[in-house]
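Worksheet: the structure to be examined is printed underneath.
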Amino acid sequence: MLNESQNIEFMTTDIKTVRCLLRKYRESDREKLADLSVDKEVHFFIGGKCETREEAYNLFDKVFTIYDGNLLPRHFEIWAIEVNNEYAGHFELKQTGDTEDDELEVVYFLDKKLWGQGIMPEIIIEINKYAGSINKKLIATVSSENTKTLKALRRIGIQKQESLAERNCSSLKIWIEPFDKKEFKT
């Protein structure tokens, strides 16, 4: 975590992949985010789940407080995932209780109709390049039962993993293989 004396300047910038655009949220994304947020299959392994549309709308509103810098000095970037010019999911890159000073955690969910198409590995590769450009390593905390995410992370490359046994659960902390920071292009 950053201390008060450290100067941090970051803002959510668009990130493009071959098939996707990670961009700032727009008001027009509200209903689709709510749809995905309350879908029990989509958020099954996500912490901080939304059980109701009202909770999903509150999450949507929180996105804009993050854009306004209200969580500084904590590093927290958040994007809407767009595929074929349509809202398709949610992506966060942030400091958490599981990250060290040089690490950022990835948190995401994706529309079920896009599962199994390699979208998340494609996105995480670009996010990993971006993280490298700001001298950060990527981690993910993943339930050992979340086989789809584990498969996606293995495709990208896992540097190491360890059990988060202190949580009394089956979660893993996974370090994603770093990419050369010179490869990132805005």
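Each chain in the structure tokens gets a letter, A, B, ..., in the order shown, and its residues are numbered from 1; ligands are numbered from 1 in order too.
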
What are the DSSP helix (DSSP H, G or I) residues of range 26-172 of chain A, as a ChimeraX atom specification?
/A:27-37,53-67,112-114,119-133,147-156,165-167

Strand (DSSP E or B) positions in range 67-176 of chain A, given as a ChimeraX atom specification:
/A:76-83,86-94,103-110,137-143,158-163,171-176

Report as CSV: every residue of range 25-67 of chain A with an atom at most 12 Å from range 145-152 of chain A, its closest pair of atoms, and their distance in Å to one decimal, counting only C-alpha atoms, with rows sorted by chain and ascending residue number.
```
residue,atom,partner,partner_atom,distance
A:Glu41,CA,A:Asn146,CA,11.5
A:Val42,CA,A:Asn146,CA,11.6
A:His43,CA,A:Asn146,CA,11.2
A:Phe44,CA,A:Asn146,CA,9.1
A:Phe45,CA,A:Asn146,CA,6.9
A:Ile46,CA,A:Asn146,CA,10.1
```

What would the file look like if the residues just selected were written as an mmCIF file, in the first residue's frame with C-alpha atoms?
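Wrote out.cif, looks like this:
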```cif
data_model
loop_
_atom_site.group_PDB
_atom_site.id
_atom_site.type_symbol
_atom_site.label_atom_id
_atom_site.label_comp_id
_atom_site.auth_asym_id
_atom_site.auth_seq_id
_atom_site.Cartn_x
_atom_site.Cartn_y
_atom_site.Cartn_z
ATOM 1 C CA GLU A 41 -23.102 -17.995 -12.611
ATOM 2 C CA VAL A 42 -21.144 -14.887 -13.615
ATOM 3 C CA HIS A 43 -20.345 -13.821 -10.055
ATOM 4 C CA PHE A 44 -20.134 -17.241 -8.401
ATOM 5 C CA PHE A 45 -16.421 -16.888 -7.504
ATOM 6 C CA ILE A 46 -16.349 -13.099 -7.052
#
```

Enumerate, in order of chain and increasing residue number, the residues of range 121-185 of chain A with an atom no farther than 12 Å from range 14-26 of chain A, each with its shortest atom pair and distance in Å to one decimal, counting only C-alpha atoms, as JSON lines.
```
{"residue": "A:Pro121", "atom": "CA", "partner": "A:Thr17", "partner_atom": "CA", "distance": 10.3}
{"residue": "A:Glu122", "atom": "CA", "partner": "A:Thr17", "partner_atom": "CA", "distance": 6.6}
{"residue": "A:Ile123", "atom": "CA", "partner": "A:Thr17", "partner_atom": "CA", "distance": 6.4}
{"residue": "A:Ile124", "atom": "CA", "partner": "A:Thr17", "partner_atom": "CA", "distance": 9.6}
{"residue": "A:Ile125", "atom": "CA", "partner": "A:Thr17", "partner_atom": "CA", "distance": 8.8}
{"residue": "A:Glu126", "atom": "CA", "partner": "A:Thr17", "partner_atom": "CA", "distance": 6.7}
{"residue": "A:Ile127", "atom": "CA", "partner": "A:Ile15", "partner_atom": "CA", "distance": 7.8}
{"residue": "A:Asn128", "atom": "CA", "partner": "A:Ile15", "partner_atom": "CA", "distance": 11.2}
{"residue": "A:Lys129", "atom": "CA", "partner": "A:Ile15", "partner_atom": "CA", "distance": 10.4}
{"residue": "A:Tyr130", "atom": "CA", "partner": "A:Ile15", "partner_atom": "CA", "distance": 8.6}
{"residue": "A:Ala131", "atom": "CA", "partner": "A:Ile15", "partner_atom": "CA", "distance": 11.7}
{"residue": "A:Phe184", "atom": "CA", "partner": "A:Ile15", "partner_atom": "CA", "distance": 9.8}
{"residue": "A:Lys185", "atom": "CA", "partner": "A:Ile15", "partner_atom": "CA", "distance": 8.8}
```

So which residues touch Leu164 in chain A within 12 Å, counting only C-alpha atoms, skipping near sequence neighbours fewer than 5 positions away, as number ranges by chain?
A: 97-98, 140-144, 169-174

Could you write those residues out with N, CA and C atoms, as a short mmCIF file (atom, residue, chain, number, x, y, z; two decimals), in the first residue's frame?
```
data_model
loop_
_atom_site.label_atom_id
_atom_site.label_comp_id
_atom_site.auth_asym_id
_atom_site.auth_seq_id
_atom_site.Cartn_x
_atom_site.Cartn_y
_atom_site.Cartn_z
N GLY A 97 -5.73 -6.29 0.17
CA GLY A 97 -5.07 -6.86 1.34
C GLY A 97 -4.14 -8.00 0.98
N ASP A 98 -4.23 -8.50 -0.26
CA ASP A 98 -3.37 -9.61 -0.70
C ASP A 98 -2.17 -9.14 -1.52
N ALA A 140 -3.44 -12.67 -8.86
CA ALA A 140 -4.87 -12.97 -8.81
C ALA A 140 -5.09 -13.83 -7.59
N THR A 141 -6.18 -13.63 -6.90
CA THR A 141 -6.58 -14.56 -5.86
C THR A 141 -7.77 -15.34 -6.42
N VAL A 142 -7.63 -16.64 -6.42
CA VAL A 142 -8.57 -17.50 -7.14
C VAL A 142 -8.93 -18.69 -6.27
N SER A 143 -10.21 -19.04 -6.27
CA SER A 143 -10.63 -20.27 -5.61
C SER A 143 -10.06 -21.44 -6.38
N SER A 144 -9.58 -22.44 -5.67
CA SER A 144 -9.04 -23.62 -6.35
C SER A 144 -10.14 -24.36 -7.11
N CYS A 169 -9.90 -21.30 3.66
CA CYS A 169 -10.65 -21.59 2.44
C CYS A 169 -9.70 -22.21 1.42
N SER A 170 -10.19 -22.40 0.23
CA SER A 170 -9.37 -23.05 -0.79
C SER A 170 -8.84 -22.05 -1.81
N SER A 171 -8.57 -20.81 -1.40
CA SER A 171 -8.09 -19.80 -2.33
C SER A 171 -6.59 -19.88 -2.53
N LEU A 172 -6.18 -19.47 -3.73
CA LEU A 172 -4.77 -19.43 -4.10
C LEU A 172 -4.39 -18.00 -4.45
N LYS A 173 -3.17 -17.62 -4.11
CA LYS A 173 -2.59 -16.38 -4.62
C LYS A 173 -1.69 -16.79 -5.76
N ILE A 174 -1.94 -16.21 -6.92
CA ILE A 174 -1.21 -16.58 -8.13
C ILE A 174 -0.47 -15.37 -8.67
#
```

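The protein and nucleic acid residues lying at most 12 Å from Ser28 in chain A are A:Lys24, A:Tyr25, A:Glu31, A:Lys32, A:Leu33, A:Ala34, A:Phe60, A:Ala80, A:Glu86, A:Tyr87, with only C-alpha atoms considered and sequence neighbours fewer than 3 positions away removed.
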
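Between CA of Pro178 in chain A and CA of Leu138 in chain A lies a distance of 7.5 Å.
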
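Atom pair CA of Ser37 in chain A / CA of Ala88 in chain A: separated by 11.5 Å.
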
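The coordinates place CA of Trp175 in chain A at 18.8 Å from CA of Glu77 in chain A.
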
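Across A:Glu27, A:Asn58, A:Trp79, A:Ile158, the tightest approach to Thr13 in chain A is made by A:Trp79 when counting only C-alpha atoms.
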